[in-house]
$ cat target_13.cif   # mmCIF, C-alpha atoms
data_run
loop_
_atom_site.label_atom_id
_atom_site.label_comp_id
_atom_site.auth_asym_id
_atom_site.auth_seq_id
_atom_site.Cartn_x
_atom_site.Cartn_y
_atom_site.Cartn_z
CA MET I 1251 2.63 -12.58 -54.15
CA ILE I 1252 4.68 -14.79 -51.83
CA ILE I 1253 4.98 -13.29 -48.36
CA TRP I 1254 7.88 -14.98 -46.55
CA LEU I 1255 7.87 -14.47 -42.78
CA ASN I 1256 11.31 -15.18 -41.37
CA GLY I 1257 12.48 -14.77 -37.78
CA ALA I 1258 13.78 -16.55 -34.73
CA PHE I 1259 11.73 -19.22 -32.99
CA GLY I 1260 9.12 -17.36 -30.94
CA ALA I 1261 9.06 -14.30 -33.20
CA GLY I 1262 5.42 -14.95 -34.17
CA LYS I 1263 5.80 -16.25 -37.72
CA THR I 1264 3.09 -18.90 -37.60
CA GLN I 1265 0.55 -16.80 -35.68
CA THR I 1266 1.15 -13.82 -37.98
CA ALA I 1267 0.88 -16.05 -41.07
CA TYR I 1268 -2.51 -17.41 -40.00
CA GLU I 1269 -3.72 -13.94 -39.03
CA LEU I 1270 -2.78 -12.72 -42.50
CA ARG I 1271 -4.54 -15.70 -44.08
CA ARG I 1272 -7.70 -14.99 -42.10
CA ARG I 1273 -7.69 -11.34 -43.08
CA LEU I 1274 -6.56 -11.73 -46.71
CA PRO I 1275 -9.36 -13.58 -48.52
CA GLY I 1276 -8.04 -16.21 -50.90
CA SER I 1277 -4.60 -16.39 -49.31
CA TYR I 1278 -2.90 -19.66 -48.39
CA VAL I 1279 -0.31 -20.64 -45.76
CA TYR I 1280 2.40 -22.96 -47.06
CA ASP I 1281 4.48 -24.60 -44.30
CA PRO I 1282 7.94 -25.81 -45.46
CA GLU I 1283 8.43 -27.66 -42.17
CA ASN I 1284 6.04 -30.36 -43.37
CA ALA I 1285 8.60 -31.49 -45.96
CA GLY I 1286 11.24 -31.57 -43.24
CA PHE I 1287 9.13 -33.75 -40.99
CA PHE I 1288 8.46 -36.10 -43.91
CA ILE I 1289 12.18 -36.40 -44.65
CA ARG I 1290 13.04 -36.92 -40.97
CA ASP I 1291 10.37 -39.59 -40.52
CA ASN I 1292 11.22 -41.51 -43.68
CA LEU I 1293 14.97 -41.97 -43.53
CA PRO I 1294 16.70 -45.00 -42.05
CA PRO I 1295 18.41 -44.55 -38.66
CA GLY I 1296 21.73 -42.76 -38.88
CA LEU I 1297 20.89 -40.70 -41.98
CA GLY I 1298 19.20 -37.83 -40.16
CA LEU I 1299 20.61 -34.35 -39.63
CA ASP I 1300 20.02 -31.96 -36.73
CA ASP I 1301 18.40 -29.41 -39.04
CA PHE I 1302 16.33 -30.65 -41.98
CA GLN I 1303 17.19 -27.46 -43.89
CA ASP I 1304 20.64 -29.00 -44.39
CA PHE I 1305 19.12 -31.64 -46.68
CA PRO I 1306 19.43 -30.41 -50.28
CA MET I 1307 16.21 -32.34 -51.04
CA TRP I 1308 14.30 -30.21 -48.45
CA ARG I 1309 15.36 -27.02 -50.18
CA ALA I 1310 14.72 -28.41 -53.67
CA PHE I 1311 11.27 -29.76 -52.76
CA ASN I 1312 10.11 -26.50 -51.17
CA LEU I 1313 11.46 -24.44 -54.06
CA GLU I 1314 9.59 -26.64 -56.56
CA MET I 1315 6.37 -26.60 -54.53
CA LEU I 1316 6.38 -22.83 -54.03
CA ASP I 1317 7.29 -22.17 -57.67
CA TYR I 1318 4.48 -24.49 -58.80
CA ALA I 1319 1.92 -22.91 -56.45
CA ALA I 1320 2.93 -19.31 -57.17
CA ALA I 1321 2.67 -19.87 -60.92
CA ARG I 1322 -0.87 -21.25 -60.65
CA TYR I 1323 -2.52 -19.85 -57.52
CA GLU I 1324 -4.41 -16.57 -57.75
CA GLY I 1325 -4.14 -15.62 -54.07
CA HIS I 1326 -1.22 -14.68 -51.87
CA ILE I 1327 0.98 -17.47 -50.49
CA ILE I 1328 2.26 -16.91 -46.95
CA VAL I 1329 5.36 -18.84 -45.85
CA PRO I 1330 6.32 -18.85 -42.15
CA MET I 1331 9.85 -20.26 -42.05
CA THR I 1332 13.10 -19.42 -40.33
CA ILE I 1333 16.01 -19.21 -42.77
CA THR I 1334 19.33 -18.06 -41.28
CA SER I 1335 21.82 -19.33 -43.87
CA ARG I 1336 22.54 -16.82 -46.63
CA ALA I 1337 23.15 -19.67 -49.07
CA TYR I 1338 19.82 -21.31 -48.26
CA TYR I 1339 18.07 -17.93 -48.41
CA GLN I 1340 19.43 -17.39 -51.94
CA GLU I 1341 18.56 -20.95 -52.93
CA LEU I 1342 14.92 -20.51 -51.86
CA VAL I 1343 13.80 -16.90 -51.47
CA GLY I 1344 16.28 -15.51 -53.98
CA ALA I 1345 15.40 -18.11 -56.61
CA LEU I 1346 11.67 -17.55 -56.12
CA ALA I 1347 12.12 -13.77 -56.41
CA LYS I 1348 13.60 -14.21 -59.89
CA LYS I 1349 10.28 -15.61 -61.13
CA HIS I 1350 7.60 -14.30 -58.74
CA GLU I 1351 6.79 -11.30 -56.60
CA VAL I 1352 8.26 -12.13 -53.19
CA ARG I 1353 8.18 -9.99 -50.07
CA HIS I 1354 10.49 -11.24 -47.33
CA PHE I 1355 10.28 -9.95 -43.77
CA ILE I 1356 12.24 -10.82 -40.66
CA LEU I 1357 9.93 -10.67 -37.67
CA TRP I 1358 12.39 -9.26 -35.18
CA ALA I 1359 12.16 -9.54 -31.41
CA GLY I 1360 14.73 -9.27 -28.64
CA GLU I 1361 16.04 -12.28 -26.74
CA ASP I 1362 13.89 -11.64 -23.65
CA THR I 1363 10.73 -11.35 -25.75
CA LEU I 1364 11.57 -14.54 -27.65
CA LYS I 1365 12.13 -16.46 -24.41
CA LYS I 1366 8.80 -15.24 -22.99
CA ARG I 1367 6.97 -16.22 -26.16
CA LEU I 1368 8.56 -19.67 -26.20
CA ALA I 1369 7.62 -20.10 -22.53
CA SER I 1370 4.01 -19.20 -23.41
CA ARG I 1371 4.15 -22.13 -25.87
CA LEU I 1372 5.27 -24.32 -22.96
CA GLU I 1373 8.78 -24.66 -24.37
CA ARG I 1374 11.29 -25.07 -21.60
CA PRO I 1375 14.72 -23.46 -21.49
CA GLY I 1376 17.02 -25.84 -23.31
CA SER I 1377 14.44 -26.73 -25.98
CA TRP I 1378 15.55 -26.68 -29.61
CA GLY I 1379 13.88 -23.27 -30.15
CA HIS I 1380 15.58 -21.78 -27.09
CA ARG I 1381 18.97 -23.09 -28.18
CA GLN I 1382 18.57 -21.41 -31.59
CA ILE I 1383 17.84 -17.88 -30.33
CA GLY I 1384 21.44 -16.65 -30.28
CA ARG I 1385 22.25 -18.21 -33.65
CA CYS I 1386 19.16 -16.68 -35.23
CA LEU I 1387 19.70 -13.20 -33.83
CA ARG I 1388 23.32 -13.19 -35.00
CA ALA I 1389 22.31 -14.42 -38.45
CA PHE I 1390 19.71 -11.68 -38.83
CA GLU I 1391 22.44 -9.13 -38.11
CA THR I 1392 25.06 -10.63 -40.44
CA GLN I 1393 23.69 -13.21 -42.92
CA VAL I 1394 20.03 -12.60 -43.76
CA THR I 1395 19.55 -8.92 -43.06
CA GLU I 1396 16.67 -7.89 -45.28
CA GLU I 1397 13.65 -5.92 -44.07
CA LYS I 1398 13.00 -6.31 -40.36
CA VAL I 1399 9.67 -5.73 -38.63
CA ASP I 1400 10.18 -5.16 -34.91
CA THR I 1401 7.52 -7.19 -33.11
CA ASP I 1402 8.72 -6.59 -29.54
CA GLY I 1403 5.80 -4.29 -28.78
CA LEU I 1404 3.31 -5.61 -31.32
CA GLY I 1405 0.45 -8.04 -30.91
CA ILE I 1406 -0.30 -10.60 -33.63
CA GLY I 1407 -2.96 -8.44 -35.26
CA GLN I 1408 -0.67 -5.42 -35.28
CA ALA I 1409 2.19 -7.42 -36.80
CA ALA I 1410 -0.12 -8.69 -39.55
CA GLU I 1411 -1.38 -5.18 -40.24
CA LYS I 1412 2.17 -3.87 -40.50
CA ILE I 1413 3.14 -6.64 -42.93
CA GLY I 1414 -0.02 -6.00 -44.95
CA ALA I 1415 0.73 -2.27 -45.13
CA LEU I 1416 4.34 -2.91 -46.19
CA CYS I 1417 3.02 -5.18 -48.98
CA GLY I 1418 0.42 -2.61 -50.02
CA LEU I 1419 -2.42 -4.95 -49.05
CA ALA I 1420 -5.60 -3.93 -47.27
CA LEU I 1421 -6.49 -6.49 -44.63
CA ALA I 1422 -10.08 -7.24 -43.71
CA GLU I 1423 -11.08 -5.80 -40.36
CA ASP I 1424 -10.79 -8.13 -37.38
CA ARG I 1425 -14.32 -8.12 -35.96
CA ARG I 1426 -13.77 -10.86 -33.41
CA GLY I 1427 -13.97 -10.04 -29.76
CA PRO I 1428 -11.05 -10.71 -27.41
CA VAL I 1429 -12.34 -14.18 -26.40
CA ARG I 1430 -12.80 -15.44 -29.97
CA ARG I 1431 -9.49 -13.89 -31.00
CA GLY I 1432 -7.70 -15.63 -28.11
CA LEU I 1433 -9.37 -18.96 -28.83
CA GLY I 1434 -8.43 -18.71 -32.50
CA ARG I 1435 -4.79 -18.08 -31.65
CA LEU I 1436 -4.78 -20.89 -29.12
CA ALA I 1437 -6.15 -23.25 -31.76
CA THR I 1438 -3.40 -22.19 -34.19
CA GLN I 1439 -0.78 -22.76 -31.48
CA ILE I 1440 -2.11 -26.22 -30.65
CA ARG I 1441 -2.22 -27.26 -34.34
CA HIS I 1442 1.46 -26.39 -34.67
CA ILE I 1443 2.90 -28.16 -31.65
CA ARG I 1444 5.65 -30.34 -33.06
#
$ encode --input "target_13.cif" --output "structure tokens"
Amino acid sequence: MIIWLNGAFGAGKTQTAYELRRRLPGSYVYDPENAGFFIRDNLPPGLGLDDFQDFPMWRAFNLEMLDYAAARYEGHIIVPMTITSRAYYQELVGALAKKHEVRHFILWAGEDTLKKRLASRLERPGSWGHRQIGRCLRAFETQVTEEKVDTDGLGIGQAAEKIGALCGLALAEDRRGPVRRGLGRLATQIRHIR
């Protein structure tokens, strides 16, 4: 199964993805942003775009990679990636769903919650993530409106458990204490500073 975690920046996609991976033995997190960073870093000056999702090659590469992995990998593949364009959603998630079992969730949070979460990641007002909040929230009301999981009052573990339950998957129990849990989440956050 491919579990696609969509949502605005600060919704908890990456943290929830890695929590699911930790509690679903044999699962794997696939990060489509890596292809975007490769494209951005390997084009001559003047050929870049504000959003790497606008490159057809980004969408094609990630579709091919996920199709290849899903056809051959025994475990669940977890994809934390914001997709707000209906056309891009159909090109990626819709195309994958024609060949593989795909569960797509929008991790939903209100604007105030998103701003607090971005601030906890040391993102300042005016950062790229902050500037995208309004666009993302509007898109999840009008463009990509599939199943939403309200994370406003949920911690990372609770969000993962809710996603697992909606997918019919039993997650392993989280036996870490609060200190180890916090350190693990901090390490995930640090690894994903871009």
$ closest_atom_pairs --input "target_13.cif" --of "region 1347-1423 of chain I" --to "region 1262-1283 of chain I" --cutoff "6 Å" --atoms "all atoms listed in the file" --output "Markdown table"
| residue | atom | partner | partner_atom | distance |
| --- | --- | --- | --- | --- |
| I:Ile1406 | CA | I:Thr1266 | CA | 5.6 |
| I:Ala1410 | CA | I:Thr1266 | CA | 5.5 |
| I:Leu1421 | CA | I:Arg1273 | CA | 5.2 |
| I:Ala1422 | CA | I:Arg1273 | CA | 4.8 |
$ resolve_selection --input "target_13.cif" --expression "the PyMOL selection byres ((chain I and resi 1362) around 12)" --output "ChimeraX atom specification"
/I:1260-1261,1358-1361,1363-1369,1380,1383-1384,1387,1402
$ atom_distance --input "target_13.cif" --atom1 "CA of Glu1324 (chain I)" --atom2 "CA of Lys1348 (chain I)"
18.3 Å
$ closest_residue --input "target_13.cif" --among "I:Val1343, I:Leu1299, I:Leu1293, I:Cys1386" --to "Leu1316 (chain I)" --atoms "only C-alpha atoms"
I:Val1343
$ resolve_selection --input "target_13.cif" --expression "the PyMOL selection byres ((chain I and resi 1306) around 12)" --output "compact mmCIF listing (two decimals) with C-alpha atoms, in the coordinates of the input"
# COMPACT_ATOMS: atom_id res chain seq x y z
CA ALA I 1285 8.60 -31.49 -45.96
CA GLY I 1286 11.24 -31.57 -43.24
CA ILE I 1289 12.18 -36.40 -44.65
CA LEU I 1299 20.61 -34.35 -39.63
CA ASP I 1301 18.40 -29.41 -39.04
CA PHE I 1302 16.33 -30.65 -41.98
CA GLN I 1303 17.19 -27.46 -43.89
CA ASP I 1304 20.64 -29.00 -44.39
CA PHE I 1305 19.12 -31.64 -46.68
CA MET I 1307 16.21 -32.34 -51.04
CA TRP I 1308 14.30 -30.21 -48.45
CA ARG I 1309 15.36 -27.02 -50.18
CA ALA I 1310 14.72 -28.41 -53.67
CA PHE I 1311 11.27 -29.76 -52.76
CA ASN I 1312 10.11 -26.50 -51.17
CA LEU I 1313 11.46 -24.44 -54.06
CA ALA I 1337 23.15 -19.67 -49.07
CA TYR I 1338 19.82 -21.31 -48.26
CA GLU I 1341 18.56 -20.95 -52.93
CA LEU I 1342 14.92 -20.51 -51.86
$ axis_aligned_box --input "target_13.cif" --around "region 1304-1318 of chain I" --padding-each-side "6 Å" --output "AutoDock Vina command-line options"
--center_x 12.6 --center_y -27.3 --center_z -51.6 --size_x 28.2 --size_y 22.2 --size_z 26.4
$ atom_distance --input "target_13.cif" --atom1 "CA of Gly1407 (chain I)" --atom2 "CA of Ile1356 (chain I)"
16.3 Å
$ atom_distance --input "target_13.cif" --atom1 "CA of Asp1317 (chain I)" --atom2 "CA of Leu1416 (chain I)"
22.6 Å
$ build_atoms --input "target_13.cif" --residues "region 1340-1354 of chain I" --atoms "N, CA and C atoms" --output "compact mmCIF listing (two decimals), in the frame of the given file"
# COMPACT_ATOMS: atom_id res chain seq x y z
N GLN I 1340 19.31 -17.62 -50.50
CA GLN I 1340 19.43 -17.39 -51.94
C GLN I 1340 18.84 -18.54 -52.74
N GLU I 1341 19.04 -19.76 -52.24
CA GLU I 1341 18.56 -20.95 -52.93
C GLU I 1341 17.03 -21.00 -52.96
N LEU I 1342 16.38 -20.48 -51.94
CA LEU I 1342 14.92 -20.51 -51.86
C LEU I 1342 14.31 -19.15 -52.19
N VAL I 1343 14.45 -18.20 -51.30
CA VAL I 1343 13.80 -16.90 -51.47
C VAL I 1343 14.35 -16.18 -52.69
N GLY I 1344 15.68 -16.18 -52.83
CA GLY I 1344 16.28 -15.51 -53.98
C GLY I 1344 15.85 -16.11 -55.31
N ALA I 1345 15.82 -17.45 -55.37
CA ALA I 1345 15.40 -18.11 -56.61
C ALA I 1345 13.93 -17.83 -56.93
N LEU I 1346 13.09 -17.85 -55.90
CA LEU I 1346 11.67 -17.55 -56.12
C LEU I 1346 11.48 -16.12 -56.60
N ALA I 1347 12.26 -15.19 -56.05
CA ALA I 1347 12.12 -13.77 -56.41
C ALA I 1347 12.51 -13.49 -57.85
N LYS I 1348 13.25 -14.38 -58.47
CA LYS I 1348 13.60 -14.21 -59.89
C LYS I 1348 12.42 -14.48 -60.79
N LYS I 1349 11.42 -15.23 -60.30
CA LYS I 1349 10.28 -15.61 -61.13
C LYS I 1349 8.94 -15.06 -60.64
N HIS I 1350 8.87 -14.69 -59.33
CA HIS I 1350 7.60 -14.30 -58.74
C HIS I 1350 7.80 -13.07 -57.86
N GLU I 1351 6.70 -12.41 -57.56
CA GLU I 1351 6.79 -11.30 -56.60
C GLU I 1351 6.91 -11.90 -55.20
N VAL I 1352 8.01 -11.61 -54.53
CA VAL I 1352 8.26 -12.13 -53.19
C VAL I 1352 8.56 -10.97 -52.27
N ARG I 1353 7.87 -10.95 -51.15
CA ARG I 1353 8.18 -9.99 -50.07
C ARG I 1353 8.66 -10.82 -48.90
N HIS I 1354 9.86 -10.51 -48.44
CA HIS I 1354 10.49 -11.24 -47.33
C HIS I 1354 10.64 -10.30 -46.15
